[in-house]
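Q: I'd like to ask you about the structure that follows.
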Amino acid sequence: MDANTRVSNNGKGRKNQQKVVERSIAVSNAEWLKDYVLKITFNDDTEQVVDFGPYLSSHSHPYIDPFKDSEQFKSFYIDGGNLVWGADWNMIFPTWKLYQGYLDV
């Protein structure tokens, strides 16, 4: 039996489901470039340019629709390492997605 296998109550081996703890990625800075495009800097100095336009044009929701207005879109801020819009975090994206540099449409 290898180190990653353990015996369960029924005697069959199974892989040990260990949690992999990754370093915590956080947004440290964000800069508006044009339209719906932001340059996002993370706490490990990685930078990504993310275009939110395709996501915004293909999704509709009362909480995010106001941010389709370019001036409202520019009202983003960083709170607790997250890039957010709106006083109640009306629009937010997973930090790991931003870190990868794209959003699913």
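In the structure tokens, chains take the letters A, B, ... in the order shown, each chain's residues start at 1, and ligands count up from 1 in the order shown.
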Show me, as a ChimeraX atom specification, the residues that have an atom within 8 Å of Val37 of chain A when counting only C-alpha atoms, minus same-chain residues fewer than 2 positions from it.
A: /A:32-35,39,49-53
Q: With C-alpha atoms retained, write the just-selected residues as a short mmCIF file (atom, residue, chain, number, x, y, z; two decimals), in the first residue's frame.
A:
data_model
loop_
_atom_site.label_atom_id
_atom_site.label_comp_id
_atom_site.auth_asym_id
_atom_site.auth_seq_id
_atom_site.Cartn_x
_atom_site.Cartn_y
_atom_site.Cartn_z
CA TRP A 32 -9.05 51.14 -16.22
CA LEU A 33 -7.51 51.04 -19.72
CA LYS A 34 -10.44 51.55 -22.12
CA ASP A 35 -14.06 50.55 -22.62
CA LYS A 39 -5.30 45.90 -16.06
CA VAL A 49 -5.49 42.57 -18.87
CA VAL A 50 -9.11 41.46 -18.70
CA ASP A 51 -11.87 42.54 -21.09
CA PHE A 52 -15.20 42.45 -19.25
CA GLY A 53 -17.12 43.61 -22.36
#
Q: Could you pull the residues within 12 Å of Gly80 of chain A, counting only C-alpha atoms, minus those fewer than 3 positions along the same chain, as a list in words?
A: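 Here the answer would be Ser24, Ile25, Ala26, Val27, Ser28, Asn29, Asn43, Tyr77, Leu83, Val84, Trp89 and Thr95 of chain A.
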Q: Can I get the selection written as a compact mmCIF listing (two decimals), in the first residue's frame, with N, CA and C atoms?
A:
# COMPACT_ATOMS: atom_id res chain seq x y z
N SER A 24 -2.81 32.22 -1.34
CA SER A 24 -4.00 33.03 -1.51
C SER A 24 -3.73 34.17 -2.49
N ILE A 25 -4.44 34.16 -3.60
CA ILE A 25 -4.28 35.19 -4.61
C ILE A 25 -5.28 36.30 -4.31
N ALA A 26 -4.79 37.54 -4.35
CA ALA A 26 -5.64 38.70 -4.08
C ALA A 26 -5.33 39.79 -5.09
N VAL A 27 -6.31 40.59 -5.39
CA VAL A 27 -6.13 41.76 -6.25
C VAL A 27 -5.48 42.85 -5.42
N SER A 28 -4.39 43.40 -5.91
CA SER A 28 -3.73 44.49 -5.18
C SER A 28 -3.92 45.84 -5.87
N ASN A 29 -4.21 45.82 -7.18
CA ASN A 29 -4.42 47.07 -7.91
C ASN A 29 -5.21 46.77 -9.17
N ASN A 43 -1.34 40.17 -5.83
CA ASN A 43 -0.38 40.26 -4.73
C ASN A 43 0.94 39.55 -4.99
N TYR A 77 -13.73 49.00 -7.28
CA TYR A 77 -12.78 49.22 -6.18
C TYR A 77 -12.33 47.86 -5.65
N LEU A 83 -11.96 42.39 -6.50
CA LEU A 83 -12.35 43.47 -7.37
C LEU A 83 -13.87 43.49 -7.41
N VAL A 84 -14.47 44.59 -6.97
CA VAL A 84 -15.93 44.64 -6.84
C VAL A 84 -16.49 45.94 -7.39
N TRP A 89 -21.34 44.99 -3.15
CA TRP A 89 -20.64 44.01 -3.98
C TRP A 89 -21.61 43.46 -5.04
N THR A 95 -11.65 35.71 -8.05
CA THR A 95 -10.29 36.23 -8.21
C THR A 95 -9.43 35.27 -9.03
Q: What separation in Å, quoted to one decimal, exists between atom CA of Ile40 of chain A and atom CA of Pro62 of chain A?
A: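 One can read the atom CA of Ile40 of chain A to atom CA of Pro62 of chain A distance as 25.3 Å.
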Q: So that I can check the surroundings of Ile64 of chain A, please list as a ChimeraX atom specification every protein, DNA and RNA residue that reaches within 12 Å of it, counting only C-alpha atoms and ignoring chain neighbours fewer than 2 positions away.
A: /A:52,55-62,66-69,72-73,84-86,88-93
Q: Determine the nearest neighbour of Thr46 of chain A from the options A:Pro94, A:Asp65, A:Ser75, A:Gly101, counting only C-alpha atoms.
A: A:Gly101
Q: For a quick check of understanding, using only C-alpha atoms, which of A:Tyr36, A:Trp96, A:Phe42, A:Tyr102 has the smallest distance to Phe76 of chain A?
A: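 Going through A:Tyr36, A:Trp96, A:Phe42, A:Tyr102 one by one, the smallest distance to Phe76 of chain A is for A:Tyr36.
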Q: Could you tell me, as a ChimeraX atom specification, which residues of segment 15-102 of chain A DSSP assigns to strand (DSSP E) when given the backbone?
A: /A:15,27-34,37-42,47-51,77-79,82-85,91-92
Q: When you draw a straight line from atom CA of Leu103 of chain A to atom CA of Ala87 of chain A, how long is it in Å?
A: 22.3 Å
